[in-house]
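S.K.: Below are the structure tokens for one structure; questions will follow.
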Amino acid sequence: MSIVVGILFAIGTYLILSKTLLRIILGTSIIGHGVNLLILTMGGLKKGGPPIIGLNTQYFTDPLPQALILTAIVINFATTALLLVLSYRAYAVVGTDNVEQLRGLEDE
Amino acid sequence: MNNLIIGPIIIPIIIGLVLVVCRNSLGLHRFLSLLATVLIGLAAVLLLEQIRTGGMQILNLGGWEAPLGITLVADMFAVLLVLVTALIAFCCLWYACSSIGMGRERHYFYPLCLFLIAGVNGSFLTGDIFNLFVCFEVMLVASYVLISLGGTKIQLRESIKYVLINMISSFLFLVALAYLYAITGTLNLAHLSIRVAQSGQGGLMTVVALLFLTVFSLKAALFLFYWLPGSYSAPPTAIAAIFAALLTKVGVYAIVRLFSLVFYHDLGATHLFIGALAAASMVLGAMGAVAYDDIKKIITYNVVISIGFILAGFASFSLVGMRGMVYYLLHDMIVKALLFLSGGTVIHLTGTAKIREVSGLIRLHPQLGWMFFIAALSVSGIPPLSGFIGKVFITTGVFQSAYYWLGGIGLFTSLMVLYSVMKIFMNVFWGHTNLTEETEKGTTQGLLPPIVVLTALTIALGLGAEGIHEYVDLAVEGLLNPNLYTDAVLAQNGK
Amino acid sequence: MKRPNDVILRTVTKVAVVIILTFSIHLFISGHHYPGGGFIGGLAFTAAITLLFLVYGIDTIRKNISVDFKAVAAIGVLISVLTGVGGMMAGKPFLNQTSGPVDLPLLGDTMLATAVLFDVGVALAVIGTALTIIMSIGDDH
């Protein structure tokens, strides 16, 4: 699993370093998936019953990684959507999706 | 259990949501959002008193006890910051009422600001590192929209960079969280503190600590500040002022909280590193502030310098240095809002941010000129004003901990700060008046009162430093003794 | 605009949307004890509406469902937050949940939990947010 995480991070980083906005956004979401997988891996796989109070099982699975991942997915979903809208607007206003041409700090 | 703690988080959320539902009455928007900040301020004042008399206040959401549930912890440090946040938010929103423009107001400006404030307060009050992440995201998502609100070309260009930088640092945050969870098996701050203290802070833990430091440095603009000048000069004044006063400070808060509560066992590695980063950001920020002749750029670089200075005080990790840090943090939030608002008013009046193109503004706007002067003195720490006391304490603390280089750089950059803000003052307000009433691009109508309030605050914080001494000391005591925090949070388990 | 020949799609959609909506409500209700809940139910609901968008175009749908989805999202979150406040009113910590049997007309003796209200809020919030996002990306003006 950690190898997969590594591959996802590598792909994501490669995409983020490219010039097209859309690829950058794809890169961020791939890194997002990598992170989620990492949390799952780090939480460790445990066997056991569902973590509900009142169940008589000896071992419980750890619900925390899932909860973290769910939250992270939702946040990732929201920011990715926002970034998509933003880059679309930027494309419409600035007229390019090449980040090289988005450079510069001076007012024109 | 104290339900008051949730107040600073849900008041802005509830009012913000109500405002989204009734989107068309702008008068209501203005009134209710100001009311929300007042309510937060009241809640914070009440909490301050409760903490002073009864110690730290805890709230376990849904009744689930720490370390299992979500815990909110209100200690003195956090609540002081919440109070100042409410004050600044009030002034900035007031300023926004007459400057932000109908278009932005109609596009949910006030609700977004309120969500941002909710995120900021949440980050201050949370007792759980994953919730810190969530509150960070609430705050950041609101700031993403605020920074691009209006959709001018420069805003869109800068906001994409801003969003990307922050998304990546959020991913790093999650990675650090995952490693931390794998090593310790908990994410509750108090529980973490105990577990790390028991197992000792080995090399692995220090690496995780530095990963967290990277994340928060990105957000606090500590050394990794290259994204900041561009994004903070893009949005309108009121938004930039809120960002400068609050967003970076949340990053600072996270560093302070984490490295005083959890990772405080290996001072040589982590705190020295923080000190080095602080020194670097002070020097680089000073270079930027001196080099530019654009009001917004100078002020944004000053943000970087002050972040460096605050964390220099933290790096000393001594009683005096920490006391100075708390004072300076409170001062800096107020005075940065003041600088941004008054600088923004100048730009609004003259239509340009270049200081060479304007001069002699003081004849037309004496009040604005003198208030900017006071802000300039305050930001560089001239005695009767609020920056002074923090600066003295930080410098003493840093010297006590034998970081002489750090103290030296701090004092040297103070001179640079003074030079850079005086450069604005001399160029813009002094000299031959080249503007007349008619050629002005805007009026100061409705813009001055919030600036007056902030100026009064910085003077009051300077003169009345003795008055808040007790609160600051309690805050520092809480920061230097992690046991107080862990005991308060986990006490109920013993029962 | 010239429309492509999509009779099959249109016919299937009319049936499928009803099925998806029913399924989403089923997901929502079963969420109390089994996998499901407000989040997934809301997403399934959104999927149905998105299918309508795809087939009939955003403008047609907007004419027929004249609801401001941003307000829907806001109301949803508001409901969720207020259920939390409700716990506060009873002197319990924020977000405290309770449940108890209630005698409903038609359904008889039913177990109701305040968590359901919270979930209603979540569902509305998800529907509102997702549709707002889809509409603002899909809106090409």
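Ordered as shown in the structure tokens, chains take letters A, B, and onward, while each chain numbers its residues from 1 and ligands are numbered from 1 in the order shown.
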Distance cut-off 12 Å, counting only C-alpha atoms - which residues of chain B neighbour chain C? Return them as an MDAnalysis selection string.
M.R.: chainID B and resid 1:7 9:24 58:65 69:72 107:108 111:112 115
S.K.: Please check the contacts: residues of chain C at most 8 Å away from chain A, using only C-alpha atoms, listed as an mmCIF file with N, CA and C atoms, in the first residue's frame.
M.R.:
data_model
loop_
_atom_site.group_PDB
_atom_site.id
_atom_site.type_symbol
_atom_site.label_atom_id
_atom_site.label_comp_id
_atom_site.auth_asym_id
_atom_site.auth_seq_id
_atom_site.Cartn_x
_atom_site.Cartn_y
_atom_site.Cartn_z
ATOM 1 N N ILE C 133 -22.350 23.650 -6.995
ATOM 2 C CA ILE C 133 -21.069 23.470 -7.689
ATOM 3 C C ILE C 133 -21.302 23.075 -9.139
ATOM 4 N N SER C 136 -22.608 25.930 -11.184
ATOM 5 C CA SER C 136 -21.700 27.026 -11.502
ATOM 6 C C SER C 136 -20.592 26.579 -12.444
ATOM 7 N N ILE C 137 -20.284 25.272 -12.441
ATOM 8 C CA ILE C 137 -19.318 24.813 -13.445
ATOM 9 C C ILE C 137 -20.008 24.680 -14.800
#
S.K.: Write down as a PyMOL selection string the residues of range 60-105 of chain A whose backbone DSSP state falls under alpha helix (DSSP H).
M.R.: chain A and resi 64-94
S.K.: What is the distance, in Å and to one decimal place, between CA of Leu64 in chain A and CA of Ala182 in chain B?
M.R.: 11.5 Å
S.K.: Using Å and a single decimal, report how far CA of Tyr14 in chain A sits from CA of Val99 in chain A.
M.R.: 14.7 Å
S.K.: I'd like a table as a tab-separated table: residues in chain A with an atom no more than 8 Å from chain B, each row giving the shortest atom pair and its distance in Å to one decimal, only C-alpha atoms counted, sorted by chain and rising residue number.
M.R.:
residue	atom	partner	partner_atom	distance
A:Thr28	CA	B:Ile168	CA	7.3
A:Ile31	CA	B:Phe171	CA	7.5
A:Gly32	CA	B:Phe171	CA	6.6
A:Val35	CA	B:Val175	CA	6.1
A:Leu38	CA	B:Ala178	CA	6.8
A:Ile39	CA	B:Ala178	CA	4.9
A:Met42	CA	B:Ala182	CA	5.0
A:Gly43	CA	B:Ala182	CA	5.8
A:Gly44	CA	B:Ala182	CA	7.7
A:Leu68	CA	B:Phe130	CA	7.7
A:Thr71	CA	B:Val134	CA	8.0
A:Ile75	CA	B:Glu137	CA	7.3
A:Thr79	CA	B:Val141	CA	6.9
A:Leu83	CA	B:Val163	CA	7.3
A:Leu86	CA	B:Ile160	CA	7.1
A:Ser87	CA	B:Ile160	CA	7.0
A:Arg89	CA	B:Leu156	CA	7.7
A:Ala90	CA	B:Leu156	CA	5.6
A:Val93	CA	B:Lys153	CA	6.5
A:Val94	CA	B:Lys153	CA	6.5
A:Leu102	CA	B:Arg157	CA	6.0
A:Arg103	CA	B:Arg157	CA	7.9
A:Leu105	CA	B:Gly230	CA	6.4
A:Asp107	CA	B:Ile154	CA	7.5
S.K.: Output N, CA and C atoms for every residue in the selection just made, as a PDB file, in the first residue's frame.
M.R.:
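As written to disk, part.pdb reads:
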ATOM      1  N   THR A  28      -3.545  17.703  -7.953  1.00  0.00           N
ATOM      2  CA  THR A  28      -3.909  17.877  -6.541  1.00  0.00           C
ATOM      3  C   THR A  28      -4.875  16.796  -6.109  1.00  0.00           C
ATOM      4  N   ILE A  31      -2.975  13.576  -5.530  1.00  0.00           N
ATOM      5  CA  ILE A  31      -2.256  13.611  -4.240  1.00  0.00           C
ATOM      6  C   ILE A  31      -3.242  13.431  -3.092  1.00  0.00           C
ATOM      7  N   GLY A  32      -4.424  14.036  -3.257  1.00  0.00           N
ATOM      8  CA  GLY A  32      -5.451  13.884  -2.216  1.00  0.00           C
ATOM      9  C   GLY A  32      -5.760  12.419  -1.978  1.00  0.00           C
ATOM     10  N   VAL A  35      -3.004  10.776  -0.133  1.00  0.00           N
ATOM     11  CA  VAL A  35      -3.030  11.088   1.302  1.00  0.00           C
ATOM     12  C   VAL A  35      -4.049  10.213   2.015  1.00  0.00           C
ATOM     13  N   LEU A  38      -2.755   6.918   2.483  1.00  0.00           N
ATOM     14  CA  LEU A  38      -1.718   6.938   3.509  1.00  0.00           C
ATOM     15  C   LEU A  38      -2.339   6.869   4.903  1.00  0.00           C
ATOM     16  N   ILE A  39      -3.411   7.648   5.093  1.00  0.00           N
ATOM     17  CA  ILE A  39      -4.058   7.609   6.410  1.00  0.00           C
ATOM     18  C   ILE A  39      -4.540   6.207   6.715  1.00  0.00           C
ATOM     19  N   MET A  42      -1.567   4.032   7.540  1.00  0.00           N
ATOM     20  CA  MET A  42      -0.981   4.367   8.825  1.00  0.00           C
ATOM     21  C   MET A  42      -1.875   3.928   9.978  1.00  0.00           C
ATOM     22  N   GLY A  43      -3.183   3.962   9.754  1.00  0.00           N
ATOM     23  CA  GLY A  43      -4.101   3.529  10.803  1.00  0.00           C
ATOM     24  C   GLY A  43      -3.950   2.050  11.097  1.00  0.00           C
ATOM     25  N   GLY A  44      -3.465   1.310  10.100  1.00  0.00           N
ATOM     26  CA  GLY A  44      -3.274  -0.118  10.284  1.00  0.00           C
ATOM     27  C   GLY A  44      -4.581  -0.875  10.100  1.00  0.00           C
ATOM     28  N   LEU A  68     -11.523  10.173   9.528  1.00  0.00           N
ATOM     29  CA  LEU A  68     -10.602  11.184   9.009  1.00  0.00           C
ATOM     30  C   LEU A  68     -10.677  11.246   7.495  1.00  0.00           C
ATOM     31  N   THR A  71     -13.841  12.870   6.146  1.00  0.00           N
ATOM     32  CA  THR A  71     -13.751  14.333   6.256  1.00  0.00           C
ATOM     33  C   THR A  71     -12.810  14.894   5.202  1.00  0.00           C
ATOM     34  N   ILE A  75     -13.636  17.585   2.184  1.00  0.00           N
ATOM     35  CA  ILE A  75     -12.937  18.866   2.045  1.00  0.00           C
ATOM     36  C   ILE A  75     -12.227  18.934   0.703  1.00  0.00           C
ATOM     37  N   THR A  79     -12.718  21.746  -2.198  1.00  0.00           N
ATOM     38  CA  THR A  79     -11.663  22.630  -2.704  1.00  0.00           C
ATOM     39  C   THR A  79     -11.388  22.379  -4.177  1.00  0.00           C
ATOM     40  N   LEU A  83     -11.548  25.092  -7.048  1.00  0.00           N
ATOM     41  CA  LEU A  83     -10.404  25.367  -7.906  1.00  0.00           C
ATOM     42  C   LEU A  83     -10.795  25.253  -9.371  1.00  0.00           C
ATOM     43  N   LEU A  86     -12.705  28.294 -10.271  1.00  0.00           N
ATOM     44  CA  LEU A  86     -11.770  29.418 -10.274  1.00  0.00           C
ATOM     45  C   LEU A  86     -10.928  29.412 -11.541  1.00  0.00           C
ATOM     46  N   SER A  87     -10.413  28.217 -11.910  1.00  0.00           N
ATOM     47  CA  SER A  87      -9.533  28.192 -13.063  1.00  0.00           C
ATOM     48  C   SER A  87     -10.337  28.405 -14.341  1.00  0.00           C
ATOM     49  N   ARG A  89     -12.968  30.397 -14.550  1.00  0.00           N
ATOM     50  CA  ARG A  89     -13.145  31.856 -14.608  1.00  0.00           C
ATOM     51  C   ARG A  89     -11.858  32.520 -15.073  1.00  0.00           C
ATOM     52  N   ALA A  90     -10.731  32.039 -14.512  1.00  0.00           N
ATOM     53  CA  ALA A  90      -9.450  32.633 -14.881  1.00  0.00           C
ATOM     54  C   ALA A  90      -9.199  32.437 -16.363  1.00  0.00           C
ATOM     55  N   VAL A  93     -11.340  34.917 -18.184  1.00  0.00           N
ATOM     56  CA  VAL A  93     -10.936  36.319 -18.060  1.00  0.00           C
ATOM     57  C   VAL A  93      -9.553  36.559 -18.665  1.00  0.00           C
ATOM     58  N   VAL A  94      -8.606  35.700 -18.269  1.00  0.00           N
ATOM     59  CA  VAL A  94      -7.234  35.926 -18.719  1.00  0.00           C
ATOM     60  C   VAL A  94      -7.010  35.377 -20.117  1.00  0.00           C
ATOM     61  N   LEU A 102       0.435  33.200 -16.429  1.00  0.00           N
ATOM     62  CA  LEU A 102      -0.255  33.790 -15.271  1.00  0.00           C
ATOM     63  C   LEU A 102       0.753  34.423 -14.325  1.00  0.00           C
ATOM     64  N   ARG A 103       2.004  34.404 -14.744  1.00  0.00           N
ATOM     65  CA  ARG A 103       3.037  34.907 -13.835  1.00  0.00           C
ATOM     66  C   ARG A 103       3.024  36.417 -13.746  1.00  0.00           C
ATOM     67  N   LEU A 105       3.755  39.947 -11.005  1.00  0.00           N
ATOM     68  CA  LEU A 105       3.046  40.573  -9.901  1.00  0.00           C
ATOM     69  C   LEU A 105       2.644  42.004 -10.228  1.00  0.00           C
ATOM     70  N   ASP A 107       1.038  45.351 -11.825  1.00  0.00           N
ATOM     71  CA  ASP A 107      -0.245  45.668 -12.449  1.00  0.00           C
ATOM     72  C   ASP A 107      -0.011  45.977 -13.906  1.00  0.00           C
TER      73      ASP A 107
END
S.K.: Which residues come within 6 Å of range 406-419 of chain B, counting only C-alpha atoms, excluding same-chain residues fewer than 4 positions away, as a list of chain:residue names?
M.R.: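 Residues near the query, excluding close chain neighbours: B:Ala286, B:Ser380, B:Thr395, B:Val398, B:Lys423.
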